[in-house]
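The file work02.cif comes next; it holds mmCIF, C-alpha atoms.
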```cif
data_upload
#
loop_
_atom_site.label_atom_id
_atom_site.label_comp_id
_atom_site.auth_asym_id
_atom_site.auth_seq_id
_atom_site.Cartn_x
_atom_site.Cartn_y
_atom_site.Cartn_z
CA MET Z 1 -1.46 5.22 272.88
CA SER Z 2 1.46 6.46 270.79
CA TYR Z 3 4.56 5.67 272.85
CA PRO Z 4 4.22 1.87 272.56
CA HIS Z 5 3.87 2.08 268.75
CA PRO Z 6 6.75 0.11 267.14
CA ASP Z 7 7.92 3.01 264.93
CA VAL Z 8 7.95 5.42 267.87
CA GLN Z 9 9.76 2.89 270.06
CA ALA Z 10 12.37 2.28 267.35
CA PHE Z 11 13.02 6.02 266.94
CA LEU Z 12 13.31 6.55 270.69
CA ALA Z 13 15.69 3.60 271.09
CA GLU Z 14 17.89 4.66 268.17
CA ARG Z 15 18.15 8.42 268.71
CA LEU Z 16 16.97 9.64 272.11
CA VAL Z 17 17.31 9.08 275.82
CA PRO Z 18 13.73 9.30 277.07
CA VAL Z 19 13.16 10.42 280.64
CA ARG Z 20 9.74 10.38 282.26
CA ILE Z 21 9.14 12.73 285.17
CA ASN Z 22 5.88 12.66 287.09
CA LEU Z 23 4.48 16.12 287.83
CA GLU Z 24 3.06 14.84 291.11
CA ASP Z 25 6.46 13.61 292.30
CA ARG Z 26 8.21 16.37 294.28
CA SER Z 27 11.65 15.17 293.16
CA GLY Z 28 10.88 16.21 289.57
CA ARG Z 29 9.66 19.73 290.31
CA GLU Z 30 13.07 21.31 289.89
CA LEU Z 31 13.33 19.88 286.38
CA PHE Z 32 9.89 21.18 285.55
CA ARG Z 33 11.03 24.65 286.58
CA ASP Z 34 14.41 24.38 284.86
CA TYR Z 35 12.79 23.49 281.53
CA GLN Z 36 9.65 25.64 281.92
CA VAL Z 37 7.30 22.66 281.75
CA ILE Z 38 3.82 23.82 282.70
CA TRP Z 39 1.69 21.07 281.16
CA THR Z 40 2.01 17.38 280.51
CA PRO Z 41 2.90 15.61 278.45
CA THR Z 42 5.73 17.86 277.34
CA LEU Z 43 8.57 16.67 275.17
CA ALA Z 44 11.70 18.67 275.92
CA PHE Z 45 14.55 18.05 273.51
CA LEU Z 46 17.87 18.68 275.18
CA ASP Z 47 21.16 18.89 273.38
CA ARG Z 48 24.31 17.14 274.53
CA ARG Z 49 24.95 19.87 277.08
CA GLY Z 50 21.47 19.73 278.57
CA LYS Z 51 20.20 22.93 276.91
CA CYS Z 52 16.60 22.71 275.78
CA GLN Z 53 16.50 23.33 272.04
CA TYR Z 54 12.84 22.49 271.40
CA GLN Z 55 9.62 21.70 273.25
CA ALA Z 56 6.34 20.15 272.17
CA LEU Z 57 3.34 19.36 274.29
CA GLY Z 58 0.23 17.26 274.20
CA PHE Z 59 -0.72 13.85 272.97
CA LEU Z 60 -0.37 12.96 269.29
CA PRO Z 61 -1.22 9.91 267.16
CA PRO Z 62 1.84 7.73 266.40
CA GLN Z 63 2.73 9.14 262.96
CA ASP Z 64 2.41 12.72 264.21
CA LEU Z 65 4.43 11.92 267.32
CA LEU Z 66 7.12 10.43 265.11
CA GLY Z 67 7.15 13.66 263.07
CA GLN Z 68 7.42 15.71 266.27
CA LEU Z 69 10.29 13.52 267.48
CA ARG Z 70 12.09 14.03 264.18
CA ILE Z 71 11.63 17.81 264.31
CA GLY Z 72 12.79 18.04 267.92
CA THR Z 73 15.83 15.89 267.27
CA ALA Z 74 16.66 17.90 264.16
CA ARG Z 75 16.47 21.15 266.13
CA CYS Z 76 19.12 19.80 268.50
CA LEU Z 77 21.27 18.79 265.54
CA LEU Z 78 20.91 22.25 263.97
CA ALA Z 79 22.19 23.86 267.16
CA TRP Z 80 25.39 21.84 266.79
CA ALA Z 81 25.83 22.47 263.03
CA ARG Z 82 24.96 18.90 262.08
CA TYR Z 83 22.97 20.13 259.11
CA GLY Z 84 22.99 16.99 256.96
CA GLN Z 85 21.65 14.79 259.73
CA ALA Z 86 19.03 17.40 260.60
CA ALA Z 87 17.98 17.67 256.95
CA GLN Z 88 17.43 13.91 256.72
CA LEU Z 89 15.12 13.93 259.74
CA LEU Z 90 13.26 17.03 258.57
CA GLU Z 91 12.80 15.64 255.06
CA ALA Z 92 11.20 12.54 256.58
CA ALA Z 93 9.03 14.67 258.90
CA SER Z 94 7.86 16.77 255.94
CA GLN Z 95 6.41 13.75 254.14
CA THR Z 96 3.99 12.16 256.62
CA GLY Z 97 1.61 13.14 259.37
CA HIS Z 98 -0.47 16.20 260.11
CA SER Z 99 -0.05 19.18 257.80
CA ALA Z 100 0.93 21.51 260.66
CA LEU Z 101 3.92 19.32 261.50
CA ARG Z 102 4.82 18.87 257.85
CA ALA Z 103 4.79 22.65 257.38
CA GLU Z 104 6.99 23.15 260.43
CA ALA Z 105 9.41 20.51 259.16
CA LEU Z 106 9.72 22.34 255.83
CA PHE Z 107 10.48 25.61 257.62
CA TRP Z 108 13.37 24.07 259.56
CA LEU Z 109 14.46 22.05 256.51
CA GLY Z 110 15.05 25.33 254.69
CA LEU Z 111 17.41 26.39 257.47
CA ALA Z 112 19.18 23.02 257.44
CA TYR Z 113 19.87 23.55 253.72
CA TYR Z 114 20.79 27.24 254.05
CA LEU Z 115 23.03 27.36 257.12
CA PRO Z 116 25.98 25.36 255.75
CA THR Z 117 26.08 27.24 252.41
CA ARG Z 118 24.47 30.63 253.14
CA LYS Z 119 22.91 30.41 249.65
CA GLU Z 120 19.32 31.57 249.36
CA ASN Z 121 18.61 29.01 246.62
CA ASP Z 122 19.31 26.22 249.12
CA LEU Z 123 16.87 27.74 251.59
CA MET Z 124 14.19 28.29 248.96
CA ARG Z 125 14.16 24.61 247.92
CA ALA Z 126 12.26 23.86 251.12
CA TRP Z 127 10.50 27.18 251.63
CA ASN Z 128 8.96 27.11 248.15
CA ARG Z 129 7.55 23.67 248.97
CA LEU Z 130 6.25 25.10 252.24
CA ARG Z 131 4.49 28.00 250.50
CA ASP Z 132 3.13 25.77 247.71
CA ASP Z 133 1.91 22.88 249.87
CA PHE Z 134 0.81 24.76 253.01
CA PRO Z 135 0.12 28.37 251.95
CA ASP Z 136 -2.27 29.05 254.84
CA SER Z 137 0.02 27.73 257.57
CA LEU Z 138 1.64 29.96 260.14
CA TRP Z 139 4.99 28.59 258.98
CA ALA Z 140 4.37 29.76 255.40
CA GLN Z 141 3.37 33.18 256.70
CA ARG Z 142 6.71 33.39 258.51
CA VAL Z 143 8.57 33.10 255.20
CA ALA Z 144 6.25 35.29 253.13
CA SER Z 145 7.91 38.60 254.05
CA GLY Z 146 10.62 40.29 252.04
CA SER Z 147 10.78 41.67 248.55
CA ALA Z 148 9.24 40.07 245.49
CA SER Z 149 12.68 39.22 244.11
CA SER Z 150 13.94 37.87 247.43
CA PRO Z 151 11.43 36.67 250.04
CA LEU Z 152 14.07 37.03 252.72
CA GLY Z 153 15.17 40.48 251.69
CA PHE Z 154 18.63 39.15 250.85
CA SER Z 155 20.64 40.90 248.21
CA GLU Z 156 21.97 38.69 245.46
CA LYS Z 157 25.69 38.04 245.58
CA PRO Z 158 27.63 37.76 242.34
#
```

Please lay out the structure from this file as structure tokens.
Amino acid sequence: MSYPHPDVQAFLAERLVPVRINLEDRSGRELFRDYQVIWTPTLAFLDRRGKCQYQALGFLPPQDLLGQLRIGTARCLLAWARYGQAAQLLEAASQTGHSALRAEALFWLGLAYYLPTRKENDLMRAWNRLRDDFPDSLWAQRVASGSASSPLGFSEKP
């Protein structure tokens, strides 16, 4: 089981407020509806105002769960313009675990680099890694569009 793993427990204790709601318990049904939970386990990452910024479902081995926790936490940080903190978590998530999670982490890492500067070069630091390391992933396909000179279709600014 992944939740009792020491690394997972340490991350949860340091960064998140875990809440467990039993699907069979009628008192939790409203929350299931509010956050569109239709299967368990579902991890719903809520920001400081209670808005769901990210969801993940299903069981994962400890290192993959840790990557998923990092991505979900980073997505909440991105929503509140805490780009540096998000980038740290996403960089860590991009280095271990299942390739699908690592690819997703690199996608969001590109945004964490780009959003504070609006410079395509910052974005491409992560997205080039994504395309090089995980070229067949859905995440790499999401960044493959655009012109040959600018994958995002951005025009260069002087």

Taking only residues of range 76-139 of chain Z that have an atom at most 10 Å from an atom of range 32-53 of chain Z, what is each one's shortest atom pair and its distance in Å to one decimal, using all atoms listed in the file, in chain and number order, as a tab-separated table?
```
residue	atom	partner	partner_atom	distance
Z:Cys76	CA	Z:Asp47	CA	5.4
Z:Leu77	CA	Z:Asp47	CA	7.8
Z:Leu78	CA	Z:Gln53	CA	9.3
Z:Ala79	CA	Z:Gln53	CA	7.5
Z:Trp80	CA	Z:Asp47	CA	8.4
```

Could you write out that same residue set with C-alpha atoms as a PDB file, keeping the file's coordinate frame?
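Saved the output as result_39.pdb:
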```
ATOM      1  CA  CYS Z  76      19.120  19.800 268.500  1.00  0.00           C
ATOM      2  CA  LEU Z  77      21.270  18.790 265.540  1.00  0.00           C
ATOM      3  CA  LEU Z  78      20.910  22.250 263.970  1.00  0.00           C
ATOM      4  CA  ALA Z  79      22.190  23.860 267.160  1.00  0.00           C
ATOM      5  CA  TRP Z  80      25.390  21.840 266.790  1.00  0.00           C
TER       6      TRP Z  80
END
```

Check: Can you tell me how far CA of Ser27 in chain Z sits from CA of Gln68 in chain Z, in Å to one decimal?
Finding: 27.2 Å

Closest-contact table, range 22-66 of chain Z side, partner range 92-110 of chain Z, 10 Å, counting all atoms listed in the file, as a Markdown table:
```
| residue | atom | partner | partner_atom | distance |
| --- | --- | --- | --- | --- |
| Z:Leu60 | CA | Z:His98 | CA | 9.7 |
| Z:Pro61 | CA | Z:Gly97 | CA | 8.9 |
| Z:Pro62 | CA | Z:Gly97 | CA | 8.9 |
| Z:Gln63 | CA | Z:Gly97 | CA | 5.5 |
| Z:Asp64 | CA | Z:Gly97 | CA | 4.9 |
| Z:Leu65 | CA | Z:Gly97 | CA | 8.5 |
| Z:Leu66 | CA | Z:Ala93 | CA | 7.8 |
```

Item checked: Interatomic distance, CA of Arg82 in chain Z to CA of Arg70 in chain Z (Å, one decimal) -> 13.9 Å

Residues returned when the PyMOL selection byres ((chain Z and resi 125) around 10) runs on this file, as an mmCIF file with C-alpha atoms, in the coordinates of the input:
```cif
data_model
loop_
_atom_site.group_PDB
_atom_site.id
_atom_site.type_symbol
_atom_site.label_atom_id
_atom_site.label_comp_id
_atom_site.auth_asym_id
_atom_site.auth_seq_id
_atom_site.Cartn_x
_atom_site.Cartn_y
_atom_site.Cartn_z
ATOM 1 C CA LEU Z 106 9.720 22.340 255.830
ATOM 2 C CA LEU Z 109 14.460 22.050 256.510
ATOM 3 C CA GLY Z 110 15.050 25.330 254.690
ATOM 4 C CA TYR Z 113 19.870 23.550 253.720
ATOM 5 C CA TYR Z 114 20.790 27.240 254.050
ATOM 6 C CA GLU Z 120 19.320 31.570 249.360
ATOM 7 C CA ASN Z 121 18.610 29.010 246.620
ATOM 8 C CA ASP Z 122 19.310 26.220 249.120
ATOM 9 C CA LEU Z 123 16.870 27.740 251.590
ATOM 10 C CA MET Z 124 14.190 28.290 248.960
ATOM 11 C CA ALA Z 126 12.260 23.860 251.120
ATOM 12 C CA TRP Z 127 10.500 27.180 251.630
ATOM 13 C CA ASN Z 128 8.960 27.110 248.150
ATOM 14 C CA ARG Z 129 7.550 23.670 248.970
ATOM 15 C CA LEU Z 130 6.250 25.100 252.240
#
```

Item checked: Nearest to Ala87 in chain Z by atom-to-atom distance, counting all atoms listed in the file, from Z:Pro116, Z:Val143, Z:Leu57, Z:Leu12 ->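 Under the stated criterion, the closest residue is Z:Pro116.
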